[in-house]
Structures are given as C-alpha cells and as structure tokens.
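Q: Please find upload_3.tsv (TSV, N, CA and C atoms and all ligand atoms) on the next line:
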```tsv
chain	number	residue	atom	x	y	z
A	1	MET	N	0.84	-1.18	0.00
A	1	MET	CA	0.00	0.00	0.00
A	1	MET	C	0.88	1.25	0.00
A	2	ALA	N	0.53	2.20	-0.83
A	2	ALA	CA	1.31	3.43	-0.94
A	2	ALA	C	1.09	4.32	0.28
A	3	ARG	N	2.16	4.98	0.71
A	3	ARG	CA	2.05	5.92	1.83
A	3	ARG	C	1.60	7.30	1.33
A	4	LEU	N	2.02	7.68	0.11
A	4	LEU	CA	1.66	8.98	-0.46
A	4	LEU	C	0.73	8.78	-1.65
A	5	HIS	N	-0.11	9.77	-1.86
A	5	HIS	CA	-1.01	9.74	-3.01
A	5	HIS	C	-0.83	11.03	-3.78
A	6	ARG	N	-0.52	10.90	-5.04
A	6	ARG	CA	-0.27	12.07	-5.90
A	6	ARG	C	-1.60	12.74	-6.21
A	7	ILE	N	-1.68	14.04	-5.93
A	7	ILE	CA	-2.92	14.76	-6.21
A	7	ILE	C	-2.72	15.91	-7.20
A	8	GLY	N	-1.48	16.16	-7.60
A	8	GLY	CA	-1.24	17.24	-8.54
A	8	GLY	C	-0.02	16.96	-9.37
A	9	GLU	N	0.24	17.83	-10.31
A	9	GLU	CA	1.41	17.71	-11.19
A	9	GLU	C	1.49	16.34	-11.83
A	10	THR	N	0.38	15.85	-12.31
A	10	THR	CA	0.35	14.51	-12.88
A	10	THR	C	0.73	14.49	-14.36
A	11	GLY	N	0.98	15.63	-14.94
A	11	GLY	CA	1.26	15.70	-16.37
A	11	GLY	C	2.74	15.62	-16.73
A	12	ARG	N	3.62	15.44	-15.73
A	12	ARG	CA	5.05	15.34	-16.05
A	12	ARG	C	5.36	14.02	-16.76
A	13	PRO	N	6.44	13.98	-17.54
A	13	PRO	CA	6.77	12.74	-18.27
A	13	PRO	C	7.04	11.57	-17.32
A	14	PRO	N	6.62	10.37	-17.73
A	14	PRO	CA	6.86	9.18	-16.91
A	14	PRO	C	8.33	8.76	-16.92
A	15	VAL	N	8.75	8.16	-15.81
A	15	VAL	CA	10.12	7.64	-15.65
A	15	VAL	C	9.99	6.22	-15.11
A	16	ALA	N	10.51	5.25	-15.85
A	16	ALA	CA	10.41	3.85	-15.45
A	16	ALA	C	11.54	3.49	-14.49
A	17	ILE	N	11.18	2.96	-13.33
A	17	ILE	CA	12.16	2.49	-12.35
A	17	ILE	C	11.68	1.15	-11.80
A	18	GLU	N	12.49	0.53	-10.96
A	18	GLU	CA	12.09	-0.69	-10.24
A	18	GLU	C	12.21	-0.46	-8.75
A	19	ILE	N	11.23	-0.94	-8.01
A	19	ILE	CA	11.28	-0.93	-6.56
A	19	ILE	C	11.18	-2.37	-6.09
A	20	ASP	N	12.21	-2.88	-5.48
A	20	ASP	CA	12.26	-4.27	-5.03
A	20	ASP	C	11.89	-5.24	-6.16
A	21	GLY	N	12.41	-4.94	-7.34
A	21	GLY	CA	12.22	-5.83	-8.49
A	21	GLY	C	10.91	-5.65	-9.23
A	22	VAL	N	10.07	-4.74	-8.77
A	22	VAL	CA	8.78	-4.50	-9.42
A	22	VAL	C	8.87	-3.23	-10.26
A	23	ALA	N	8.50	-3.33	-11.52
A	23	ALA	CA	8.53	-2.16	-12.41
A	23	ALA	C	7.41	-1.20	-12.03
A	24	VAL	N	7.76	0.07	-11.85
A	24	VAL	CA	6.77	1.10	-11.52
A	24	VAL	C	7.09	2.34	-12.35
A	25	THR	N	6.16	3.26	-12.34
A	25	THR	CA	6.34	4.51	-13.07
A	25	THR	C	6.35	5.68	-12.10
A	26	ALA	N	7.45	6.43	-12.12
A	26	ALA	CA	7.54	7.69	-11.39
A	26	ALA	C	7.30	8.80	-12.40
A	27	LEU	N	7.42	10.04	-11.96
A	27	LEU	CA	7.30	11.17	-12.87
A	27	LEU	C	8.59	11.97	-12.84
A	28	ALA	N	8.96	12.51	-13.98
A	28	ALA	CA	10.18	13.33	-14.08
A	28	ALA	C	10.14	14.43	-13.03
A	29	GLY	N	11.25	14.58	-12.32
A	29	GLY	CA	11.34	15.59	-11.28
A	29	GLY	C	10.99	15.08	-9.90
A	30	ASP	N	10.44	13.87	-9.79
A	30	ASP	CA	10.17	13.28	-8.47
A	30	ASP	C	11.48	13.07	-7.73
A	31	THR	N	11.48	13.25	-6.42
A	31	THR	CA	12.56	12.70	-5.63
A	31	THR	C	12.32	11.20	-5.52
A	32	LEU	N	13.36	10.47	-5.16
A	32	LEU	CA	13.17	9.04	-4.93
A	32	LEU	C	12.15	8.80	-3.83
A	33	GLN	N	12.13	9.67	-2.83
A	33	GLN	CA	11.19	9.51	-1.73
A	33	GLN	C	9.74	9.52	-2.25
A	34	VAL	N	9.42	10.48	-3.09
A	34	VAL	CA	8.07	10.55	-3.66
A	34	VAL	C	7.84	9.36	-4.58
A	35	ALA	N	8.81	9.07	-5.43
A	35	ALA	CA	8.65	7.97	-6.38
A	35	ALA	C	8.38	6.65	-5.66
A	36	ILE	N	9.09	6.41	-4.57
A	36	ILE	CA	8.93	5.14	-3.84
A	36	ILE	C	7.65	5.14	-3.02
A	37	LEU	N	7.41	6.22	-2.28
A	37	LEU	CA	6.27	6.22	-1.35
A	37	LEU	C	4.92	6.38	-2.04
A	38	THR	N	4.91	6.69	-3.33
A	38	THR	CA	3.63	6.64	-4.06
A	38	THR	C	3.33	5.22	-4.53
A	39	HIS	N	4.23	4.28	-4.21
A	39	HIS	CA	3.99	2.89	-4.58
A	39	HIS	C	4.02	1.92	-3.40
A	40	VAL	N	4.81	2.22	-2.39
A	40	VAL	CA	4.93	1.33	-1.22
A	40	VAL	C	4.87	2.17	0.05
A	41	ASP	N	4.82	1.49	1.20
A	41	ASP	CA	4.57	2.21	2.46
A	41	ASP	C	5.82	2.66	3.19
A	42	ALA	N	7.01	2.25	2.75
A	42	ALA	CA	8.22	2.62	3.49
A	42	ALA	C	9.43	2.62	2.56
A	43	LEU	N	10.48	3.29	3.02
A	43	LEU	CA	11.71	3.37	2.24
A	43	LEU	C	12.70	2.28	2.61
A	44	ARG	N	12.68	1.89	3.87
A	44	ARG	CA	13.72	0.97	4.33
A	44	ARG	C	13.32	0.39	5.68
A	45	ALA	N	14.10	-0.58	6.14
A	45	ALA	CA	13.94	-1.13	7.47
A	45	ALA	C	14.70	-0.28	8.47
A	46	SER	N	14.19	-0.20	9.68
A	46	SER	CA	14.92	0.46	10.76
A	46	SER	C	16.13	-0.38	11.14
A	47	GLU	N	17.25	0.27	11.44
A	47	GLU	CA	18.42	-0.46	11.91
A	47	GLU	C	18.33	-0.75	13.40
A	48	PHE	N	17.29	-0.25	14.09
A	48	PHE	CA	17.20	-0.38	15.54
A	48	PHE	C	16.12	-1.35	16.01
A	49	ASP	N	15.12	-1.58	15.18
A	49	ASP	CA	14.04	-2.50	15.58
A	49	ASP	C	13.39	-3.08	14.33
A	50	ALA	N	12.25	-3.70	14.49
A	50	ALA	CA	11.60	-4.34	13.35
A	50	ALA	C	10.76	-3.38	12.52
A	51	GLY	N	10.78	-2.10	12.85
A	51	GLY	CA	9.96	-1.11	12.16
A	51	GLY	C	10.47	-0.77	10.78
A	52	ARG	N	9.65	-0.07	10.06
A	52	ARG	CA	9.99	0.42	8.73
A	52	ARG	C	10.01	1.93	8.77
A	53	ARG	N	10.87	2.55	7.96
A	53	ARG	CA	11.06	3.99	7.98
A	53	ARG	C	10.64	4.60	6.64
A	54	ALA	N	10.12	5.84	6.69
A	54	ALA	CA	9.67	6.51	5.47
A	54	ALA	C	10.27	7.89	5.32
A	55	GLY	N	11.32	8.19	6.08
A	55	GLY	CA	11.90	9.53	6.06
A	55	GLY	C	11.22	10.40	7.09
A	56	PHE	N	11.87	11.53	7.41
A	56	PHE	CA	11.32	12.39	8.45
A	56	PHE	C	11.37	13.86	8.05
A	57	CYS	N	12.57	14.36	7.77
A	57	CYS	CA	12.71	15.82	7.60
A	57	CYS	C	12.38	16.32	6.20
A	58	LEU	N	12.53	15.48	5.20
A	58	LEU	CA	12.30	15.83	3.79
A	58	LEU	C	13.26	16.90	3.27
A	59	MET	N	14.38	17.14	3.98
A	59	MET	CA	15.32	18.18	3.53
A	59	MET	C	16.78	17.77	3.73
A	60	ALA	N	17.06	16.49	3.64
A	60	ALA	CA	18.43	15.97	3.64
A	60	ALA	C	19.19	16.22	4.94
A	61	ALA	N	18.48	16.23	6.06
A	61	ALA	CA	19.15	16.48	7.33
A	61	ALA	C	19.10	15.28	8.29
A	62	CYS	N	18.03	14.52	8.31
A	62	CYS	CA	17.85	13.52	9.37
A	62	CYS	C	18.47	12.16	9.05
A	63	GLN	N	18.73	11.87	7.80
A	63	GLN	CA	19.30	10.59	7.36
A	63	GLN	C	18.37	9.41	7.61
A	64	ASP	N	17.08	9.66	7.62
A	64	ASP	CA	16.09	8.60	7.83
A	64	ASP	C	15.61	7.98	6.53
A	65	CYS	N	16.11	8.46	5.41
A	65	CYS	CA	15.54	8.05	4.12
A	65	CYS	C	16.54	7.31	3.24
A	66	TRP	N	17.59	6.75	3.81
A	66	TRP	CA	18.57	6.04	2.98
A	66	TRP	C	17.90	4.87	2.28
A	67	VAL	N	18.17	4.72	1.00
A	67	VAL	CA	17.77	3.54	0.24
A	67	VAL	C	19.01	3.06	-0.51
A	68	TRP	N	18.93	1.86	-1.05
A	68	TRP	CA	20.05	1.30	-1.78
A	68	TRP	C	19.61	0.97	-3.19
A	69	THR	N	20.55	1.11	-4.11
A	69	THR	CA	20.29	0.63	-5.46
A	69	THR	C	20.65	-0.85	-5.50
A	70	ALA	N	20.16	-1.52	-6.53
A	70	ALA	CA	20.50	-2.93	-6.70
A	70	ALA	C	21.99	-3.11	-6.91
A	71	GLU	N	22.66	-2.05	-7.33
A	71	GLU	CA	24.11	-2.10	-7.54
A	71	GLU	C	24.88	-1.83	-6.24
A	72	GLY	N	24.18	-1.50	-5.16
A	72	GLY	CA	24.83	-1.31	-3.86
A	72	GLY	C	25.12	0.13	-3.48
A	73	GLU	N	24.70	1.08	-4.29
A	73	GLU	CA	24.93	2.49	-3.96
A	73	GLU	C	23.87	2.96	-2.96
A	74	ARG	N	24.31	3.69	-1.94
A	74	ARG	CA	23.38	4.23	-0.95
A	74	ARG	C	22.98	5.64	-1.38
A	75	LEU	N	21.68	5.92	-1.36
A	75	LEU	CA	21.16	7.21	-1.80
A	75	LEU	C	20.22	7.77	-0.74
A	76	ARG	N	20.27	9.08	-0.57
A	76	ARG	CA	19.32	9.76	0.31
A	76	ARG	C	18.07	10.04	-0.53
A	77	ALA	N	16.97	9.38	-0.22
A	77	ALA	CA	15.79	9.42	-1.10
A	77	ALA	C	15.16	10.80	-1.19
A	78	CYS	N	15.28	11.61	-0.14
A	78	CYS	CA	14.60	12.92	-0.17
A	78	CYS	C	15.34	13.94	-1.01
A	79	SER	N	16.60	13.69	-1.34
A	79	SER	CA	17.36	14.68	-2.08
A	79	SER	C	17.97	14.12	-3.36
A	80	THR	N	17.48	12.97	-3.79
A	80	THR	CA	17.96	12.35	-5.03
A	80	THR	C	16.81	12.32	-6.03
A	81	GLU	N	17.05	12.88	-7.19
A	81	GLU	CA	16.00	12.88	-8.20
A	81	GLU	C	15.96	11.54	-8.92
A	82	VAL	N	14.77	11.09	-9.20
A	82	VAL	CA	14.59	9.81	-9.87
A	82	VAL	C	15.19	9.88	-11.28
A	83	ALA	N	15.72	8.76	-11.75
A	83	ALA	CA	16.30	8.68	-13.10
A	83	ALA	C	15.85	7.38	-13.74
A	84	PRO	N	15.67	7.39	-15.06
A	84	PRO	CA	15.21	6.18	-15.74
A	84	PRO	C	16.12	4.99	-15.46
A	85	GLY	N	15.50	3.84	-15.21
A	85	GLY	CA	16.24	2.60	-15.02
A	85	GLY	C	16.75	2.37	-13.62
A	86	MET	N	16.51	3.28	-12.69
A	86	MET	CA	16.96	3.06	-11.30
A	86	MET	C	16.32	1.78	-10.77
A	87	ARG	N	17.12	1.02	-10.06
A	87	ARG	CA	16.62	-0.21	-9.41
A	87	ARG	C	16.85	-0.05	-7.91
A	88	ILE	N	15.78	0.21	-7.17
A	88	ILE	CA	15.87	0.56	-5.77
A	88	ILE	C	15.46	-0.62	-4.89
A	89	ILE	N	16.20	-0.77	-3.80
A	89	ILE	CA	15.93	-1.82	-2.83
A	89	ILE	C	15.40	-1.18	-1.55
A	90	THR	N	14.22	-1.55	-1.09
A	90	THR	CA	13.73	-1.05	0.19
A	90	THR	C	13.75	-2.15	1.24
A	91	ARG	N	13.96	-3.37	0.81
A	91	ARG	CA	14.04	-4.50	1.75
A	91	ARG	C	15.38	-5.19	1.52
A	92	GLY	N	15.94	-5.71	2.57
A	92	GLY	CA	17.25	-6.33	2.43
A	92	GLY	C	18.38	-5.34	2.54
A	93	SER	N	18.24	-4.34	3.45
A	93	SER	CA	19.31	-3.39	3.69
A	93	SER	C	20.55	-4.12	4.16
A	94	PRO	N	21.73	-3.53	4.01
A	94	PRO	CA	22.97	-4.23	4.38
A	94	PRO	C	22.95	-4.81	5.78
A	95	TRP	N	22.41	-4.09	6.77
A	95	TRP	CA	22.42	-4.64	8.13
A	95	TRP	C	21.46	-5.82	8.26
A	96	GLN	N	20.39	-5.86	7.43
A	96	GLN	CA	19.50	-7.01	7.46
A	96	GLN	C	20.19	-8.23	6.88
A	97	LEU	N	20.94	-8.03	5.79
A	97	LEU	CA	21.62	-9.14	5.16
A	97	LEU	C	22.70	-9.70	6.07
A	98	GLU	N	23.37	-8.82	6.86
A	98	GLU	CA	24.40	-9.26	7.79
A	98	GLU	C	23.80	-10.12	8.90
A	99	GLN	N	22.54	-9.84	9.28
A	99	GLN	CA	21.90	-10.56	10.39
A	99	GLN	C	21.29	-11.87	9.93
A	100	SER	N	21.08	-12.08	8.62
A	100	SER	CA	20.42	-13.29	8.17
A	100	SER	C	21.39	-14.41	7.96
B	201	LIG	S1	14.06	12.55	5.01
B	201	LIG	FE1	15.56	13.41	6.31
B	201	LIG	S2	17.42	13.14	5.24
B	201	LIG	FE2	15.90	12.47	3.86
```
Please lay out the structure from this file as structure tokens.
Ligand code: FES
A:
Amino acid sequence: MARLHRIGETGRPPVAIEIDGVAVTALAGDTLQVAILTHVDALRASEFDAGRRAGFCLMAACQDCWVWTAEGERLRACSTEVAPGMRIITRGSPWQLEQS
C-alpha cells in the first residue's frame, strides 16, 4: 500500500524504475522519496528494531531516508532525483543481510 497519493502535477513525463524488483512509473522531477512512497509504504527497514522507515525531515538532514540501489549504492531518497532505469531496494538493507 502506498504511503503517499499524488494529487497534482500529474502531467510530467513518466520515468520507469524498479522498486524491489517490481517495475513502476515515477514522474520526471520526483525525488526518490516521492517515487517510492507513491507505490509502497516505506523506504527501508529500521536499523534499531523491526519497524519500517519513510523519512522524516524531507530536507536531507535527518538521514532517515537512505535507500540502496540494486548495484549497492546508498542514496538519500529525499534529495535524489529519480532517473530512468533506477533499481531501488527497500528490503534487504545491508544490516539485514548481515543478520540473516
Ligand atoms: S528525510 Fe531526512 S534526510 Fe531524507
């Protein structure tokens, strides 16, 4: 279930990305945070408990919105613009893989 619902600016060009292996469509100019949260309920797992995180400050200060690409690059979702072909991982963060 999506955490965010787009209510405006729906006419921007589509951008194809993947979230956890699922093909989705973002819009040009979206941050990764918007692109991801308009499709799923969280950006990543908490490193402190079993909870899921969706970002907090929306201005690149709190570091609550880290996501990973399938290639292993860590990105701050609130300050990274979506780009065609991005493959984003919201499950299986490095600390989760270390614990399994
Ligand atoms: S939401 Fe705070 S750094 Fe991205």
Q: Could you pull out the residues sitting within 6 Å of ligand LIG 201 (chain B), using only C-alpha atoms and all ligand atoms, and write them as a PyMOL selection string?
A: chain A and resi 55-65+76-78
Q: Would you mind reading off the distance between atom CA of Pro84 of chain A and atom N of Arg52 of chain A, one decimal, in Å?
A: 27.1 Å
Q: Taking the DSSP secondary structure from the backbone, can you list the residues of chain A that are strand (DSSP E or B), as a VMD selection string?
A: chain A and resid 14 to 19 22 to 27 31 44 to 45 52 to 53 66 to 69 74 to 76 81 87 to 89
Q: Neighbouring residues of Ala45 of chain A were defined as those with any atom within 8 Å, considering only C-alpha atoms; residues of the same chain fewer than 4 positions away were excluded. Please report them as JSON, numbers by chain.
A: {"A": [50, 51, 52, 53, 90, 91, 92, 93]}
Q: For the atom pair atom CA of Thr69 of chain A and atom CA of Gly11 of chain A, what is the interatomic distance in Å to one decimal place?
A: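 Spanning atom CA of Thr69 of chain A to atom CA of Gly11 of chain A is a straight-line distance of 26.6 Å.
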Q: Near Glu71 of chain A, within 10 Å and counting only C-alpha atoms, which residues show up once chain neighbours fewer than 4 positions away are dropped, as a list of chain:residue names?
A: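 In the requested format, the answer is A:Met86, A:Arg87, A:Ile88, A:Ile89.
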Q: I need every residue sitting at most 12 Å from the point (11.3, 9.1, -9.9) (coordinates as in the file, only C-alpha atoms considered), written as a PyMOL selection string.
A: chain A and resi 12-19+23-39+77-88
Q: One number please: atom CA of Ala54 of chain A to atom C of Val22 of chain A, in Å, one decimal.
A: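 Value for the atom CA of Ala54 of chain A-atom C of Val22 of chain A distance: 18.5 Å.
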Q: I need the residues of chain A that end up classed as alpha helix (DSSP H) by DSSP on the backbone, written out as number ranges by chain.
A: A: 32-37, 94-99
Q: Using only C-alpha atoms, which residue out of A:Glu47, A:Val40, A:Glu73, A:Trp68 lies closest to His5 of chain A?
A: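 The answer is A:Val40, which sits nearest to His5 of chain A.
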